[in-house]
Amino acid sequence: MKNTWWLILCLVVVLACGAAGCARGGNVSVTPQQQTGIWVTGQGEVMAVPDIVELRLGVEVQADTVAEAQTQASDAMDKVQQALEDNGVAEKDIQTQRYSIYPVTKWISDKDEEETIGYRVTNIVVAKIRDVDKAGAIIDAVAEAGGDSTRIQDISFDVDDKTTYYEQARAKAVEDANNKATQLAELADVGLGKATCISEGDGYLPVRADYLNEAAMSGGTTPISPGELKITVQVQVIYEIV
């Protein structure tokens with residue numbers, strides 16, 4: 001029970017210190033007891049090959065009336081979704097992200113006022129492509145199906161299950177923290193004891209790229225390069241001085 005309460009107290013101290021910016025050298029008031037030990041931050045990084053592509057795409061149509069714009073947009077989107085499904089994208093992997101209807105206006109100088117000249121309907125979905133190698137062909141199929149109404153906004157790459165990569169990065173982060181603590185102990189001519197507290201944070205960001213609609217409709221298979229993802233884990237560890 002005593003060890004459990006001590007661990008809880010340490011975790012509270014670590015969180016409070018991180019929020020105040022002590023890990024970045026910020027000023028924070030701590031008691032002598034809180035300053036006891038060697039505090040280090042370790043970082044581990046691993047590279048992962050993406051196995052998922054998320055494509056943000058849809059249609060945009062302008063017509064004289066809302067009803068006409070909606071009808072045209074609906075027809076175009078039906079063709080786009082059919083193209084996605086025909087190329088292996090499951091219905092559950094297609095999610096609507098945006099649907100909007102806006103008036104299109106034009107400034108009339110003679111009247112010194114704006115005039116509504118039509119209505120624009122935009123329908124955007126995110127399609128999850130689970131076969132990275134088919135991403136280029138799917139973009140081409142969508143562009144052909146939607147025609148001039150097609151809008152391909154951006155593409156991002158991800159890893160479906162990052163568990164193994166996080167485990168590898170976490171191990172490297174702890175090793176890095178231990179190496180730093182060992183060096184600090186040697187430089188300070190003190191003994192390095194066991195770790196008493198540890199906290200973790202991650203800094204993973206997916207790779208993202210923007211594509212213009214014209215690029216997808218330029219002819220031929222659209223080239224897609226998924227590259228690699230960097231998965232980063234940071235740990236803050238407190239060691240005893242013995």
# chains A, B, ... in the order shown; residues from 1 in each chain; ligands from 1
call {"tool": "select_by_dssp", "arguments": {"residues": "stretch 24-233 of chain A", "states": "strand (DSSP E)", "output": "MDAnalysis selection string"}}
result
chainID A and resid 38:48 52:63 94:108 113:129 150:158 192:202 207:210 229:233
call {"tool": "select_by_dssp", "arguments": {"residues": "stretch 54-224 of chain A", "states": "alpha helix (DSSP H)", "output": "ChimeraX atom specification"}}
result
/A:66-86,135-146,163-188,213-216
call {"tool": "closest_residue", "arguments": {"among": "A:Asn178, A:Gln81, A:Thr105, A:Thr196", "to": "A:Gly146", "atoms": "only C-alpha atoms"}}
result
A:Gln81
call {"tool": "atom_distance", "arguments": {"atom1": "atom CA of A:Lys180", "atom2": "atom CA of A:Ile238"}}
result
11.3 Å
call {"tool": "atom_distance", "arguments": {"atom1": "atom CA of A:Lys194", "atom2": "atom CA of A:Tyr239"}}
result
5.5 Å
